[in-house]
Amino acid sequence: SNNISEHVTMMELPIDLVPLDVDVLSMEMDPATTLRECIIDNIPFNTVQSVAASLVKLQDAVGTISKVEGLGSLSEKVIQKMMDLKVEDYDDEVALMLEASRDKDDEGKEFSGKKDDSTLSMSSEIEAMLIIDRTVDLVTPMLTPLTYEGLIDDIVGVESGHINIELSTIEPEEYETETSDQQEKVIIALNGGDSLYAEVRGMSVEKIGSFLQDQAKALRE
């Protein structure tokens, strides 16, 4: 048989920013592993490099963010690495432009070594960015959530903006006789695409019952 490996090219595809909602991007990094590397093992290089590279990629898409602040020592390292990467990208672009200018007839015009004015003047869709180190607040993740979405995560578990739940939870009448091992599971996305969920996701669990009753009453009317 022919060796197909000779005709296959392996390339890296870094998918470092995953859109979970219209206004949420996640790197989906394991928090336990990340904290251990950064705090216990004291080797934060991989995490700092990955986060900084993702923020540079974000600014490539939306424009340079003029105001960047950080809370915590790791956030300061991320900001410094991000600035270093942006300088490297700028130097690479200038080098490419210089090389291109040597091969092109510029009709006597001198190459200034500067980036295009339209690129420099590009306004960002994001006015400011605040980077917060998790070590600044280690207590909050251990608190009991009191919002609807937080309660779902606490009881069912939200993974990458989705929950994997048994159909009997959604349609209990049709699965009364089946055991838990037999029940089929379904994956449900939790995001702002559902208008009702978008309205209740941040609502206190104390108010959610009366709110849903009012919604059901309005639908019947």
# chains A, B, ... in the order shown; residues from 1 in each chain; ligands from 1

call {"tool": "residues_around", "arguments": {"residues": "A:Met129", "least_positions_apart": "2", "cutoff": "7 Å", "atoms": "only C-alpha atoms", "output": "list of chain:residue names"}}
result
A:Lys67, A:Val68, A:Glu69, A:Ile131

call {"tool": "select_by_dssp", "arguments": {"residues": "stretch 13-103 of chain A", "states": "alpha helix (DSSP H)", "output": "VMD selection string"}}
result
chain A and resid 31 to 35 45 to 62 73 to 103

call {"tool": "closest_residue", "arguments": {"among": "A:Thr140, A:Ser160, A:Gln183, A:Thr169", "to": "A:Met29", "atoms": "only C-alpha atoms"}}
result
A:Ser160

call {"tool": "closest_residue", "arguments": {"among": "A:Thr135, A:Pro172, A:Ala53, A:Glu12", "to": "A:Met83", "atoms": "only C-alpha atoms"}}
result
A:Ala53

call {"tool": "atom_distance", "arguments": {"atom1": "atom CA of A:Asp154", "atom2": "atom CA of A:Ser210"}}
result
21.6 Å

call {"tool": "residues_around", "arguments": {"residues": "A:Ser124", "least_positions_apart": "6", "cutoff": "6 Å", "atoms": "only C-alpha atoms", "output": "ChimeraX atom specification"}}
result
/A:62-65

call {"tool": "residues_around", "arguments": {"residues": "A:Val56", "least_positions_apart": "3", "cutoff": "9 Å", "atoms": "only C-alpha atoms", "output": "PDB file with C-alpha atoms, in the first residue's frame"}}
result
ATOM      1  CA  VAL A  51      -2.794  34.281  27.774  1.00  0.00           C
ATOM      2  CA  ALA A  52      -0.591  37.055  26.358  1.00  0.00           C
ATOM      3  CA  ALA A  53      -0.644  35.536  22.859  1.00  0.00           C
ATOM      4  CA  GLN A  59      -6.303  43.034  19.491  1.00  0.00           C
ATOM      5  CA  ASP A  60      -5.405  41.981  15.959  1.00  0.00           C
ATOM      6  CA  ALA A  61      -9.137  41.497  15.449  1.00  0.00           C
ATOM      7  CA  THR A  64      -5.139  47.979  19.891  1.00  0.00           C
ATOM      8  CA  MET A  82       1.781  40.957  25.699  1.00  0.00           C
ATOM      9  CA  MET A  83       3.696  44.186  25.084  1.00  0.00           C
ATOM     10  CA  LEU A  85       4.848  40.142  21.651  1.00  0.00           C
ATOM     11  CA  LYS A  86       3.302  43.267  20.118  1.00  0.00           C
TER      12      LYS A  86
END

call {"tool": "select_by_dssp", "arguments": {"residues": "chain A", "states": "strand (DSSP E or B)", "output": "ChimeraX atom specification"}}
result
/A:18-21,24-26,67-71,128-132,147,159,162-166,185-189,204

call {"tool": "closest_residue", "arguments": {"among": "A:Ile79, A:Leu20, A:Ser204, A:Met142", "to": "A:Val158", "atoms": "only C-alpha atoms"}}
result
A:Leu20

call {"tool": "atom_distance", "arguments": {"atom1": "atom CA of A:Ile165", "atom2": "atom CA of A:Lys185"}}
result
5.3 Å

call {"tool": "closest_residue", "arguments": {"among": "A:Arg36, A:Leu58, A:Gly72, A:Val200", "to": "A:Pro19", "atoms": "only C-alpha atoms"}}
result
A:Leu58

call {"tool": "residues_around", "arguments": {"residues": "A:Asn46", "least_positions_apart": "4", "cutoff": "12 Å", "atoms": "only C-alpha atoms", "output": "VMD selection string"}}
result
chain A and resid 29 33 to 35 37 to 38 42 50 to 53 74 77 to 78 81
